[in-house]
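*Asks:* Contents of work_1.pdb (PDB, C-alpha atoms and all ligand atoms) are below:
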ATOM      1  CA  MET A  45     -56.004  51.547  77.506
ATOM      2  CA  ARG A  46     -53.434  49.888  75.230
ATOM      3  CA  GLU A  47     -55.980  47.212  74.373
ATOM      4  CA  LEU A  48     -58.535  49.862  73.450
ATOM      5  CA  ILE A  49     -55.964  51.589  71.256
ATOM      6  CA  ALA A  50     -55.094  48.321  69.512
ATOM      7  CA  GLU A  51     -58.771  47.741  68.834
ATOM      8  CA  LYS A  52     -59.173  51.284  67.493
ATOM      9  CA  MET A  53     -56.139  51.010  65.185
ATOM     10  CA  GLN A  54     -57.506  47.738  63.814
ATOM     11  CA  ARG A  55     -60.962  49.159  63.255
ATOM     12  CA  LEU A  56     -59.847  52.440  61.659
ATOM     13  CA  TYR A  57     -56.710  51.495  59.774
ATOM     14  CA  GLY A  58     -56.818  47.678  59.527
ATOM     15  CA  CYS A  59     -53.439  47.380  61.231
ATOM     16  CA  SER A  60     -52.853  45.072  64.150
ATOM     17  CA  TYR A  61     -50.621  46.314  66.978
ATOM     18  CA  ASP A  62     -49.777  44.161  69.987
ATOM     19  CA  PRO A  63     -50.874  46.075  73.120
ATOM     20  CA  ASN A  64     -47.917  44.639  75.060
ATOM     21  CA  ASN A  65     -45.062  45.365  72.668
ATOM     22  CA  GLU A  66     -46.234  47.801  70.045
ATOM     23  CA  ILE A  67     -48.170  50.535  71.871
ATOM     24  CA  THR A  68     -46.853  52.932  74.536
ATOM     25  CA  ILE A  69     -48.793  55.595  76.419
ATOM     26  CA  THR A  70     -46.902  58.884  76.625
ATOM     27  CA  ALA A  71     -47.102  62.216  78.403
ATOM     28  CA  GLY A  72     -48.572  63.822  75.266
ATOM     29  CA  GLY A  73     -47.479  64.043  71.650
ATOM     30  CA  THR A  74     -44.477  66.265  72.364
ATOM     31  CA  GLN A  75     -42.867  63.734  74.687
ATOM     32  CA  ALA A  76     -43.638  60.957  72.203
ATOM     33  CA  ILE A  77     -41.854  62.857  69.426
ATOM     34  CA  PHE A  78     -38.875  63.701  71.640
ATOM     35  CA  THR A  79     -38.510  60.111  72.844
ATOM     36  CA  ALA A  80     -38.903  58.637  69.346
ATOM     37  CA  ILE A  81     -36.129  60.909  68.057
ATOM     38  CA  MET A  82     -33.820  60.225  71.019
ATOM     39  CA  ALA A  83     -34.353  56.491  70.548
ATOM     40  CA  THR A  84     -33.531  56.398  66.844
ATOM     41  CA  ILE A  85     -31.204  59.279  65.978
ATOM     42  CA  ASN A  86     -27.471  59.146  66.641
ATOM     43  CA  GLU A  87     -24.595  61.550  66.013
ATOM     44  CA  GLY A  88     -24.491  62.508  62.332
ATOM     45  CA  ASP A  89     -27.822  60.949  61.320
ATOM     46  CA  GLU A  90     -29.927  63.074  59.016
ATOM     47  CA  VAL A  91     -33.648  63.654  59.476
ATOM     48  CA  ILE A  92     -35.694  65.031  56.608
ATOM     49  CA  LEU A  93     -38.477  67.324  57.761
ATOM     50  CA  PHE A  94     -40.803  69.692  55.995
ATOM     51  CA  THR A  95     -41.113  73.406  56.632
ATOM     52  CA  PRO A  96     -43.158  75.143  57.804
ATOM     53  CA  ALA A  97     -42.959  72.641  60.671
ATOM     54  CA  TYR A  98     -44.304  72.287  64.189
ATOM     55  CA  ASP A  99     -41.641  73.677  66.485
ATOM     56  CA  CYS A 100     -40.618  70.694  68.629
ATOM     57  CA  TYR A 101     -39.038  68.586  65.869
ATOM     58  CA  ALA A 102     -35.737  70.315  65.109
ATOM     59  CA  PRO A 103     -34.609  70.889  68.747
ATOM     60  CA  ALA A 104     -35.039  67.175  69.529
ATOM     61  CA  ILE A 105     -33.090  66.172  66.401
ATOM     62  CA  GLU A 106     -30.242  68.517  67.300
ATOM     63  CA  LEU A 107     -30.194  67.390  70.926
ATOM     64  CA  ALA A 108     -29.826  63.801  69.725
ATOM     65  CA  GLY A 109     -26.792  64.845  67.643
ATOM     66  CA  GLY A 110     -28.678  64.539  64.384
ATOM     67  CA  LYS A 111     -28.888  66.960  61.501
ATOM     68  CA  PRO A 112     -32.267  68.374  60.419
ATOM     69  CA  VAL A 113     -32.497  68.460  56.619
ATOM     70  CA  TYR A 114     -35.225  70.927  55.679
ATOM     71  CA  VAL A 115     -37.414  70.559  52.611
ATOM     72  CA  GLN A 116     -39.782  73.436  51.964
ATOM     73  CA  LEU A 117     -43.421  72.594  51.279
ATOM     74  CA  LYS A 118     -44.807  74.123  48.072
ATOM     75  CA  SER A 119     -45.981  77.646  48.815
ATOM     76  CA  SER A 120     -49.163  77.248  46.735
ATOM     77  CA  ASP A 121     -50.768  74.462  48.769
ATOM     78  CA  TYR A 122     -48.166  73.234  51.286
ATOM     79  CA  SER A 123     -47.883  69.879  49.545
ATOM     80  CA  ILE A 124     -44.622  67.919  49.563
ATOM     81  CA  ASP A 125     -42.114  68.525  46.786
ATOM     82  CA  TRP A 126     -41.008  64.914  46.261
ATOM     83  CA  LYS A 127     -38.387  65.854  43.669
ATOM     84  CA  GLN A 128     -36.702  67.893  46.359
ATOM     85  CA  VAL A 129     -36.968  65.009  48.836
ATOM     86  CA  LYS A 130     -35.283  62.634  46.360
ATOM     87  CA  LYS A 131     -32.423  65.113  46.004
ATOM     88  CA  VAL A 132     -31.696  65.221  49.727
ATOM     89  CA  VAL A 133     -32.062  61.525  50.615
ATOM     90  CA  SER A 134     -28.584  60.169  51.307
ATOM     91  CA  ARG A 135     -26.903  57.231  53.022
ATOM     92  CA  HIS A 136     -27.012  59.355  56.192
ATOM     93  CA  THR A 137     -30.805  59.710  56.092
ATOM     94  CA  LYS A 138     -32.126  57.909  59.159
ATOM     95  CA  MET A 139     -35.617  59.331  59.381
ATOM     96  CA  ILE A 140     -38.323  61.165  57.473
ATOM     97  CA  LEU A 141     -40.645  63.130  59.727
ATOM     98  CA  ILE A 142     -44.121  63.762  58.389
ATOM     99  CA  ASN A 143     -47.158  65.469  59.835
ATOM    100  CA  SER A 144     -50.673  65.064  58.464
ATOM    101  CA  PRO A 145     -53.044  66.847  59.003
ATOM    102  CA  HIS A 146     -50.360  69.485  59.062
ATOM    103  CA  ASN A 147     -49.708  72.218  61.601
ATOM    104  CA  PRO A 148     -49.623  75.108  60.622
ATOM    105  CA  SER A 149     -51.135  74.773  57.116
ATOM    106  CA  GLY A 150     -53.906  72.185  57.565
ATOM    107  CA  ALA A 151     -52.669  70.342  54.451
ATOM    108  CA  ILE A 152     -53.168  66.573  54.360
ATOM    109  CA  LEU A 153     -51.316  63.712  52.691
ATOM    110  CA  GLU A 154     -52.881  62.438  49.460
ATOM    111  CA  PRO A 155     -52.629  58.890  48.038
ATOM    112  CA  SER A 156     -49.920  60.124  45.626
ATOM    113  CA  ASP A 157     -47.799  61.159  48.654
ATOM    114  CA  ILE A 158     -48.141  57.661  50.070
ATOM    115  CA  GLN A 159     -46.896  56.203  46.775
ATOM    116  CA  GLU A 160     -43.890  58.537  46.725
ATOM    117  CA  LEU A 161     -43.033  57.805  50.343
ATOM    118  CA  THR A 162     -43.283  54.061  49.700
ATOM    119  CA  ARG A 163     -40.973  54.373  46.694
ATOM    120  CA  ILE A 164     -38.403  56.465  48.524
ATOM    121  CA  THR A 165     -38.181  54.126  51.515
ATOM    122  CA  LYS A 166     -38.349  50.864  49.568
ATOM    123  CA  ASP A 167     -34.733  49.721  49.603
ATOM    124  CA  ASN A 168     -33.366  51.282  52.771
ATOM    125  CA  ASP A 169     -33.862  51.369  56.555
ATOM    126  CA  ILE A 170     -35.289  54.859  56.814
ATOM    127  CA  VAL A 171     -37.618  55.189  59.804
ATOM    128  CA  ILE A 172     -40.766  57.269  59.396
ATOM    129  CA  LEU A 173     -41.877  59.363  62.345
ATOM    130  CA  SER A 174     -45.480  60.203  61.583
ATOM    131  CA  ASP A 175     -47.129  62.933  63.630
ATOM    132  CA  GLU A 176     -50.840  62.182  63.293
ATOM    133  CA  VAL A 177     -52.122  64.059  66.327
ATOM    134  CA  TYR A 178     -54.907  65.662  64.230
ATOM    135  CA  GLU A 179     -56.058  62.316  62.729
ATOM    136  CA  HIS A 180     -59.718  62.992  63.565
ATOM    137  CA  ILE A 181     -59.804  66.672  62.612
ATOM    138  CA  ILE A 182     -60.183  66.417  58.862
ATOM    139  CA  PHE A 183     -62.881  68.039  56.724
ATOM    140  CA  ASP A 184     -65.016  67.926  53.584
ATOM    141  CA  GLY A 185     -65.277  64.137  53.600
ATOM    142  CA  GLU A 186     -61.487  63.712  53.133
ATOM    143  CA  THR A 187     -59.743  60.600  54.452
ATOM    144  CA  HIS A 188     -56.795  60.513  56.830
ATOM    145  CA  HIS A 189     -53.990  58.488  55.281
ATOM    146  CA  SER A 190     -52.365  57.015  58.361
ATOM    147  CA  MET A 191     -49.061  55.195  57.927
ATOM    148  CA  ALA A 192     -50.836  52.344  59.730
ATOM    149  CA  LYS A 193     -52.987  51.676  56.652
ATOM    150  CA  TYR A 194     -49.998  50.776  54.457
ATOM    151  CA  PRO A 195     -48.090  47.681  55.660
ATOM    152  CA  GLU A 196     -44.819  48.621  53.931
ATOM    153  CA  LEU A 197     -44.890  52.012  55.660
ATOM    154  CA  ALA A 198     -46.366  50.801  58.970
ATOM    155  CA  ASN A 199     -43.432  48.383  59.334
ATOM    156  CA  ARG A 200     -41.003  51.275  59.555
ATOM    157  CA  SER A 201     -43.194  53.887  61.251
ATOM    158  CA  ILE A 202     -43.492  55.238  64.731
ATOM    159  CA  ILE A 203     -46.880  56.971  64.755
ATOM    160  CA  VAL A 204     -47.733  59.651  67.302
ATOM    161  CA  TYR A 205     -51.214  60.475  68.615
ATOM    162  CA  SER A 206     -52.484  62.892  71.255
ATOM    163  CA  PHE A 207     -55.573  62.785  73.457
ATOM    164  CA  GLY A 208     -54.984  66.492  73.945
ATOM    165  CA  LYS A 209     -56.150  67.068  70.360
ATOM    166  CA  THR A 210     -58.736  64.301  70.042
ATOM    167  CA  PHE A 211     -60.516  64.908  73.351
ATOM    168  CA  HIS A 212     -59.759  68.625  73.561
ATOM    169  CA  VAL A 213     -57.802  68.227  76.816
ATOM    170  CA  THR A 214     -54.436  69.765  75.956
ATOM    171  CA  GLY A 215     -53.488  70.215  79.602
ATOM    172  CA  TRP A 216     -53.955  66.527  80.423
ATOM    173  CA  LYS A 217     -50.754  65.827  78.461
ATOM    174  CA  THR A 218     -51.503  62.271  77.431
ATOM    175  CA  GLY A 219     -50.924  60.617  74.082
ATOM    176  CA  TYR A 220     -49.507  57.424  72.643
ATOM    177  CA  VAL A 221     -47.258  55.931  70.023
ATOM    178  CA  VAL A 222     -47.678  52.798  67.961
ATOM    179  CA  GLY A 223     -44.988  51.045  65.976
ATOM    180  CA  PRO A 224     -43.479  47.658  65.146
ATOM    181  CA  SER A 225     -41.947  45.836  68.123
ATOM    182  CA  ASN A 226     -38.313  46.412  67.041
ATOM    183  CA  LEU A 227     -38.805  50.202  66.965
ATOM    184  CA  MET A 228     -41.008  50.174  70.075
ATOM    185  CA  ALA A 229     -38.297  48.285  72.015
ATOM    186  CA  GLU A 230     -35.889  51.137  71.252
ATOM    187  CA  PHE A 231     -38.537  53.746  72.082
ATOM    188  CA  ARG A 232     -39.128  52.155  75.476
ATOM    189  CA  LYS A 233     -35.426  52.162  76.356
ATOM    190  CA  VAL A 234     -35.631  55.966  76.416
ATOM    191  CA  HIS A 235     -39.198  56.203  77.716
ATOM    192  CA  GLN A 236     -38.191  54.061  80.718
ATOM    193  CA  PHE A 237     -35.811  56.725  81.951
ATOM    194  CA  ASN A 238     -37.425  59.978  80.904
ATOM    195  CA  VAL A 239     -41.022  59.228  81.896
ATOM    196  CA  PHE A 240     -41.249  55.686  83.285
ATOM    197  CA  THR A 241     -45.028  55.818  83.049
ATOM    198  CA  ALA A 242     -47.606  58.380  82.003
ATOM    199  CA  ASN A 243     -50.036  59.586  84.697
ATOM    200  CA  ALA A 244     -52.104  56.513  85.644
ATOM    201  CA  PRO A 245     -55.386  58.059  86.958
ATOM    202  CA  ILE A 246     -55.701  60.065  83.750
ATOM    203  CA  GLN A 247     -55.189  56.895  81.722
ATOM    204  CA  TYR A 248     -58.159  55.290  83.510
ATOM    205  CA  ALA A 249     -60.322  58.341  82.813
ATOM    206  CA  LEU A 250     -59.378  58.531  79.134
ATOM    207  CA  ALA A 251     -59.769  54.772  78.675
ATOM    208  CA  GLU A 252     -63.304  54.927  80.002
ATOM    209  CA  TYR A 253     -64.169  57.856  77.737
ATOM    210  CA  MET A 254     -62.568  56.107  74.775
ATOM    211  CA  THR A 255     -64.764  53.010  75.057
ATOM    212  CA  ASN A 256     -67.416  54.969  73.159
ATOM    213  CA  PRO A 257     -66.108  55.652  69.603
ATOM    214  CA  ASP A 258     -68.728  58.410  69.208
ATOM    215  CA  HIS A 259     -66.431  60.494  71.415
ATOM    216  CA  TYR A 260     -63.810  60.678  68.682
ATOM    217  CA  MET A 261     -65.400  59.591  65.396
ATOM    218  CA  HIS A 262     -67.541  62.718  65.040
ATOM    219  CA  ILE A 263     -65.349  65.531  66.340
ATOM    220  CA  HIS A 264     -64.619  66.685  62.782
ATOM    221  CA  HIS A 265     -68.266  67.800  62.439
ATOM    222  CA  GLU A 266     -67.934  70.267  65.293
ATOM    223  CA  TYR A 267     -64.623  71.640  64.023
ATOM    224  CA  GLU A 268     -65.850  71.802  60.435
ATOM    225  CA  GLU A 269     -68.805  73.871  61.616
ATOM    226  CA  LYS A 270     -66.426  76.178  63.487
ATOM    227  CA  ARG A 271     -64.179  76.467  60.449
ATOM    228  CA  ASN A 272     -67.186  77.385  58.327
ATOM    229  CA  ILE A 273     -68.443  79.952  60.847
ATOM    230  CA  PHE A 274     -64.991  81.556  60.890
ATOM    231  CA  LEU A 275     -64.712  81.480  57.085
ATOM    232  CA  SER A 276     -68.145  83.079  56.580
ATOM    233  CA  ALA A 277     -67.275  85.700  59.169
ATOM    234  CA  VAL A 278     -64.159  86.734  57.202
ATOM    235  CA  THR A 279     -65.443  86.398  53.605
ATOM    236  CA  ALA A 280     -66.166  90.110  53.410
ATOM    237  CA  SER A 281     -62.651  90.965  54.614
ATOM    238  CA  ARG A 282     -59.607  91.717  52.448
ATOM    239  CA  PHE A 283     -57.848  88.524  53.583
ATOM    240  CA  LYS A 284     -57.476  85.772  50.970
ATOM    241  CA  LEU A 285     -58.156  82.257  52.106
ATOM    242  CA  LYS A 286     -58.392  78.632  51.099
ATOM    243  CA  PRO A 287     -60.515  76.529  53.469
ATOM    244  CA  THR A 288     -58.219  74.436  55.640
ATOM    245  CA  LYS A 289     -58.454  70.671  55.060
ATOM    246  CA  GLY A 290     -57.624  69.570  58.592
ATOM    247  CA  THR A 291     -56.503  70.665  62.109
ATOM    248  CA  TYR A 292     -58.175  73.623  63.807
ATOM    249  CA  PHE A 293     -55.970  76.165  62.073
ATOM    250  CA  GLN A 294     -56.931  78.444  59.214
ATOM    251  CA  LEU A 295     -54.363  80.426  57.265
ATOM    252  CA  LEU A 296     -55.285  83.912  56.062
ATOM    253  CA  ASP A 297     -53.219  85.659  53.384
ATOM    254  CA  TYR A 298     -52.913  89.397  53.948
ATOM    255  CA  SER A 299     -51.018  90.390  50.758
ATOM    256  CA  LYS A 300     -53.818  92.727  49.663
ATOM    257  CA  ILE A 301     -53.799  94.575  52.990
ATOM    258  CA  THR A 302     -50.202  95.459  53.846
ATOM    259  CA  ASP A 303     -46.604  94.644  53.024
ATOM    260  CA  GLU A 304     -45.611  94.391  56.680
ATOM    261  CA  GLU A 305     -43.717  91.261  57.777
ATOM    262  CA  ASP A 306     -46.015  88.662  59.292
ATOM    263  CA  THR A 307     -44.388  88.944  62.741
ATOM    264  CA  GLU A 308     -44.998  92.697  62.718
ATOM    265  CA  LEU A 309     -48.605  92.357  61.620
ATOM    266  CA  ALA A 310     -49.348  89.593  64.157
ATOM    267  CA  THR A 311     -47.950  91.780  66.935
ATOM    268  CA  ARG A 312     -49.915  94.803  65.759
ATOM    269  CA  LEU A 313     -53.181  92.834  65.486
ATOM    270  CA  THR A 314     -52.708  91.484  68.994
ATOM    271  CA  ILE A 315     -51.907  94.824  70.604
ATOM    272  CA  GLU A 316     -54.142  97.183  68.636
ATOM    273  CA  HIS A 317     -57.033  94.927  67.635
ATOM    274  CA  LYS A 318     -56.925  92.332  70.435
ATOM    275  CA  ILE A 319     -56.856  89.381  68.054
ATOM    276  CA  ALA A 320     -54.008  86.890  68.272
ATOM    277  CA  SER A 321     -52.548  84.796  65.463
ATOM    278  CA  ILE A 322     -49.237  83.094  64.727
ATOM    279  CA  PRO A 323     -47.064  84.434  61.897
ATOM    280  CA  VAL A 324     -46.294  81.460  59.633
ATOM    281  CA  SER A 325     -42.680  82.551  59.019
ATOM    282  CA  VAL A 326     -41.761  81.362  62.527
ATOM    283  CA  PHE A 327     -42.424  77.764  61.480
ATOM    284  CA  TYR A 328     -39.542  77.900  58.983
ATOM    285  CA  HIS A 329     -35.858  77.278  59.577
ATOM    286  CA  ASN A 330     -34.969  80.302  57.446
ATOM    287  CA  PRO A 331     -38.049  82.507  57.760
ATOM    288  CA  VAL A 332     -40.022  82.719  54.520
ATOM    289  CA  GLN A 333     -42.409  85.636  53.976
ATOM    290  CA  ASN A 334     -45.584  84.252  52.410
ATOM    291  CA  ASN A 335     -47.745  86.944  54.029
ATOM    292  CA  VAL A 336     -49.864  84.504  55.962
ATOM    293  CA  LEU A 337     -51.075  84.315  59.522
ATOM    294  CA  ARG A 338     -52.376  81.210  61.288
ATOM    295  CA  PHE A 339     -55.636  81.571  63.212
ATOM    296  CA  CYS A 340     -56.989  78.934  65.607
ATOM    297  CA  PHE A 341     -60.746  78.318  65.352
ATOM    298  CA  ALA A 342     -61.047  75.938  68.333
ATOM    299  CA  LYS A 343     -63.049  78.695  70.042
ATOM    300  CA  GLU A 344     -66.613  79.483  71.088
ATOM    301  CA  ASN A 345     -68.766  80.422  68.088
ATOM    302  CA  ASP A 346     -69.340  83.929  69.484
ATOM    303  CA  THR A 347     -65.590  84.454  69.676
ATOM    304  CA  LEU A 348     -65.260  83.395  66.029
ATOM    305  CA  LEU A 349     -67.941  85.877  64.986
ATOM    306  CA  ARG A 350     -66.261  88.663  66.934
ATOM    307  CA  ALA A 351     -62.935  87.750  65.306
ATOM    308  CA  GLY A 352     -64.629  87.971  61.908
ATOM    309  CA  GLU A 353     -65.935  91.468  62.723
ATOM    310  CA  ILE A 354     -62.466  92.660  63.711
ATOM    311  CA  LEU A 355     -60.737  91.098  60.694
ATOM    312  CA  SER A 356     -63.324  92.494  58.270
ATOM    313  CA  LYS A 357     -62.391  96.037  59.322
ATOM    314  CA  ILE A 358     -58.666  95.568  58.685
TER     315      ILE A 358
HETATM  316  C1  LIG B 401     -48.441  68.897  64.912
HETATM  317  C2  LIG B 401     -48.393  68.731  66.389
HETATM  318  N1  LIG B 401     -47.745  67.676  66.903
HETATM  319  C3  LIG B 401     -47.666  67.461  68.227
HETATM  320  C4  LIG B 401     -48.248  68.336  69.117
HETATM  321  C5  LIG B 401     -48.088  68.092  70.587
HETATM  322  O1  LIG B 401     -49.128  67.417  71.161
HETATM  323  P1  LIG B 401     -49.316  67.372  72.761
HETATM  324  O2  LIG B 401     -50.087  68.599  73.128
HETATM  325  O3  LIG B 401     -50.060  66.095  73.004
HETATM  326  O4  LIG B 401     -47.946  67.362  73.359
HETATM  327  C6  LIG B 401     -48.934  69.464  68.630
HETATM  328  C7  LIG B 401     -49.535  70.436  69.572
HETATM  329  O5  LIG B 401     -49.828  71.569  69.226
HETATM  330  C8  LIG B 401     -49.008  69.658  67.232
HETATM  331  O6  LIG B 401     -49.652  70.716  66.706
END
What would the structure in this file look like if it were written as C-alpha cells?

*Replies:*
Amino acid sequence: MRELIAEKMQRLYGCSYDPNNEITITAGGTQAIFTAIMATINEGDEVILFTPAYDCYAPAIELAGGKPVYVQLKSSDYSIDWKQVKKVVSRHTKMILINSPHNPSGAILEPSDIQELTRITKDNDIVILSDEVYEHIIFDGETHHSMAKYPELANRSIIVYSFGKTFHVTGWKTGYVVGPSNLMAEFRKVHQFNVFTANAPIQYALAEYMTNPDHYMHIHHEYEEKRNIFLSAVTASRFKLKPTKGTYFQLLDYSKITDEEDTELATRLTIEHKIASIPVSVFYHNPVQNNVLRFCFAKENDTLLRAGEILSKI
C-alpha cells in the first residue's frame, strides 16, 4: 500500500516519497493528526491554526503541552489573513496547521497562499501540518494545492490523508501521512506505541481498490453533481449561499430569516423540521456569530431534494 501511495504522490504532485521511511499508514486522519502533533509539539510550543477549525486540532495541541494560537479566517470568504499570521509568528511558533479543502467552509488554498506560506517559513524551522483529507473533493475545475507540490514546503510538511473521505468509508478508519524522513522518524516514535500498525486486512482491501486511479480521480464529479442538486433545491429559499469550492459541506447564511444564534436555529431545525446541520460557531475558539449553518451533501439525491423542500419553506 505504501508503494501505491508513493506512486500516487509522484503522479499527482510530482513529489517522491520513500515508501519505507516517508509514508505511514494510520488509523484514519484523526489519529494521524494526533500522532503528528504529539511527535512534534513540546511544552510551551505554539501552533498557529485557523478558525473556524475542525475540532480535533486544539485538544491534541493542548494535550501535548502546546499552545494553540488562533487566527480567524476572513468572514467574507474564509481565506487566510496573512497579515494576522505575520503578527502572531514568534520564536515559539513550532507549527502552522492548515486544512485545504477546508472543513467547515469548503474554502481552498490559492497560489497566493502558497507564496505567503513559503515566505513565512523561509528562515525558520516551522513544521507545517497539512490536513488534506478532502484532496479529491474539489469543484469547478479548481486545483488542489498540496504541500507536496512545493519542495520548500514539502520538506517541512507532514501531510495527512484519509481513505474515509476518498473512498467514502468513514468507518474503516484508515488513512496515511507522508513527510520527509526526519519528521516521519519522529512521527513513528509515537505511532509505534499508540497504534503499532493500522488494521492489516483493511489495508489489503484498500490497496487493491487503489490500484485503479479511476476510483479516486473522478469522485469530485459525483460530489459536484450532489452540490449542484442541493444548491438548485435551495435557490428559491431565503438562505444566502456561495457554492462551496471543496469538501462535501455547503454553508447557508440565514441572516435574512432570523436573528437566532446558529446553535439555537440548528437545534430547532433538527427537532421541528427534521433536518440536521452544524452551527458554524462551534468551530471557533471564541464562538463567532456569522449566521451560517453547515450542511453535508454526501447524501442520496432524493434526500437532497427533500432537504431543499424543507429549507425552502423556512
Ligand atoms: C478536516 C478533517 N480532517 C480530518 C478528519 C478525520 O478523518 P478520519 O475520518 O479519517 O479520521 C476529518 C473528518 O471529518 C475532517 O473533516

*Asks:* Edge lengths and centre in Å to one decimal, as JSON, of the axis-aligned box that encloses all listed atoms of region 160-175 of chain A with 4 Å added on every side?

*Replies:*
{"center_x": -40.2, "center_y": 56.3, "center_z": 55.2, "size_x": 21.8, "size_y": 21.2, "size_z": 24.9}

*Asks:* What gap, in Å, lies between CA of Gln75 (chain A) and CA of Glu230 (chain A)?

*Replies:*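 Separation of CA of Gln75 (chain A) and CA of Glu230 (chain A): 14.8 Å.
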
*Asks:* Let me have all residues with an atom within 6 Å of ligand LIG 401 (chain B), counting only C-alpha atoms and all ligand atoms, laid out as an MDAnalysis selection string.

*Replies:* chainID A and resid 72:74 98 147 175 177 206 208 214 217 219

*Asks:* Which residue is closest to Ile77 (chain A)? Choose from A:Ser120, A:Val115, A:Pro63, A:Asn143 and count all atoms listed in the file.

*Replies:* A:Asn143

*Asks:* Decode the PyMOL selection byres (((chain A and resi 260-272) around 8) and not hetatm) for the given file into explicit residues and return them as a list of chain:residue names.

*Replies:*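 After applying the PyMOL selection byres (((chain A and resi 260-272) around 8) and not hetatm), what remains is A:His180, A:Ile181, A:Ile182, A:Phe183, A:Asp184, A:Thr210, A:Phe211, A:Met254, A:Pro257, A:Asp258, A:His259, A:Ile273, A:Phe274, A:Leu275, A:Ser276, A:Pro287, A:Thr288, A:Tyr292, A:Gln294, A:Phe341, A:Ala342, A:Lys343, A:Asn345, A:Leu348.
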
*Asks:* Considering only C-alpha atoms, return as a list of chain:residue names whatever protein or nucleic-acid residues lie within 8 Å of His146 (chain A), sequence-local ones (same chain, fewer than 6 positions apart) excluded.

*Replies:*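 Everything that qualifies: A:Ile152, A:Tyr178, A:Gly290, A:Thr291.
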
*Asks:* Once the PyMOL selection byres (((chain A and resi 304) around 12) and not hetatm) is applied to the coordinates I shared, what remains selected? I want it as number ranges by chain.

*Replies:* A: 298-303, 305-313, 323, 333-337

*Asks:* Between A:Ser225, A:Ser144, A:Asn238, A:Asn243, which has the minimum distance to Phe78 (chain A) (counting only C-alpha atoms)?

*Replies:*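 Of the candidates, the smallest distance to Phe78 (chain A) is held by A:Asn238.
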
*Asks:* I want to know what sits within 12 Å of Gly109 (chain A), based on only C-alpha atoms, with residues of the same chain fewer than 4 positions away left out; could you give that as JSON, numbers by chain?

*Replies:* {"A": [81, 82, 83, 84, 85, 86, 87, 88, 89, 90, 91, 102, 103, 104, 105]}

*Asks:* For Val171 (chain A), which residue out of A:Ser201, A:Thr187, A:Asn64, A:Thr347 is the nearest one, using all atoms listed in the file?

*Replies:*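 Going through A:Ser201, A:Thr187, A:Asn64, A:Thr347 one by one, the smallest distance to Val171 (chain A) is for A:Ser201.
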
*Asks:* Quick one: pull the distance between CA of Val326 (chain A) and CA of His136 (chain A), Å, one decimal.

*Replies:*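 We find that CA of Val326 (chain A) and CA of His136 (chain A) lie 27.2 Å from each other.
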
*Asks:* Could you tell me how far CA of Val324 (chain A) lies from CA of Asp297 (chain A), in Å and to one decimal?

*Replies:*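 Computing the Euclidean distance for CA of Val324 (chain A) and CA of Asp297 (chain A) yields 10.2 Å.
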
*Asks:* Mind telling me what the PyMOL selection byres (((chain A and resi 251) around 12) and not hetatm) catches here, as a JSON list (two decimals) with C-alpha atoms, in the coordinates of the input?

*Replies:*
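As written to disk, selection_32.json reads:
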[["chain", "number", "residue", "atom", "x", "y", "z"],
["A", 45, "MET", "CA", -56.00, 51.55, 77.51],
["A", 46, "ARG", "CA", -53.43, 49.89, 75.23],
["A", 47, "GLU", "CA", -55.98, 47.21, 74.37],
["A", 48, "LEU", "CA", -58.54, 49.86, 73.45],
["A", 49, "ILE", "CA", -55.96, 51.59, 71.26],
["A", 52, "LYS", "CA", -59.17, 51.28, 67.49],
["A", 69, "ILE", "CA", -48.79, 55.60, 76.42],
["A", 207, "PHE", "CA", -55.57, 62.78, 73.46],
["A", 211, "PHE", "CA", -60.52, 64.91, 73.35],
["A", 218, "THR", "CA", -51.50, 62.27, 77.43],
["A", 219, "GLY", "CA", -50.92, 60.62, 74.08],
["A", 244, "ALA", "CA", -52.10, 56.51, 85.64],
["A", 245, "PRO", "CA", -55.39, 58.06, 86.96],
["A", 246, "ILE", "CA", -55.70, 60.06, 83.75],
["A", 247, "GLN", "CA", -55.19, 56.90, 81.72],
["A", 248, "TYR", "CA", -58.16, 55.29, 83.51],
["A", 249, "ALA", "CA", -60.32, 58.34, 82.81],
["A", 250, "LEU", "CA", -59.38, 58.53, 79.13],
["A", 252, "GLU", "CA", -63.30, 54.93, 80.00],
["A", 253, "TYR", "CA", -64.17, 57.86, 77.74],
["A", 254, "MET", "CA", -62.57, 56.11, 74.78],
["A", 255, "THR", "CA", -64.76, 53.01, 75.06],
["A", 256, "ASN", "CA", -67.42, 54.97, 73.16],
["A", 257, "PRO", "CA", -66.11, 55.65, 69.60],
["A", 259, "HIS", "CA", -66.43, 60.49, 71.42]]

*Asks:* For Tyr220 (chain A), please output as a list of chain:residue names all residues within 6 Å (counting all atoms listed in the file; exclusion window: fewer than 3 positions along the same chain).

*Replies:*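 Near Tyr220 (chain A), the qualifying residues are A:Thr68, A:Ile69, A:Thr70, A:Tyr205.
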
*Asks:* Point out the residue among A:Ser321, A:Thr279, A:Ser123, A:Asn226 with the least atom-to-atom distance to Arg338 (chain A), counting all atoms listed in the file.

*Replies:*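 Among the listed residues, A:Ser321 lies closest to Arg338 (chain A).
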
*Asks:* Restricting the calculation to all atoms listed in the file: of A:Glu344, A:Asp121, A:Glu66, A:Glu179, which residue gets closest to Ala198 (chain A)?

*Replies:*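 When distances to Ala198 (chain A) are compared using all atoms listed in the file, the smallest one comes from A:Glu66.
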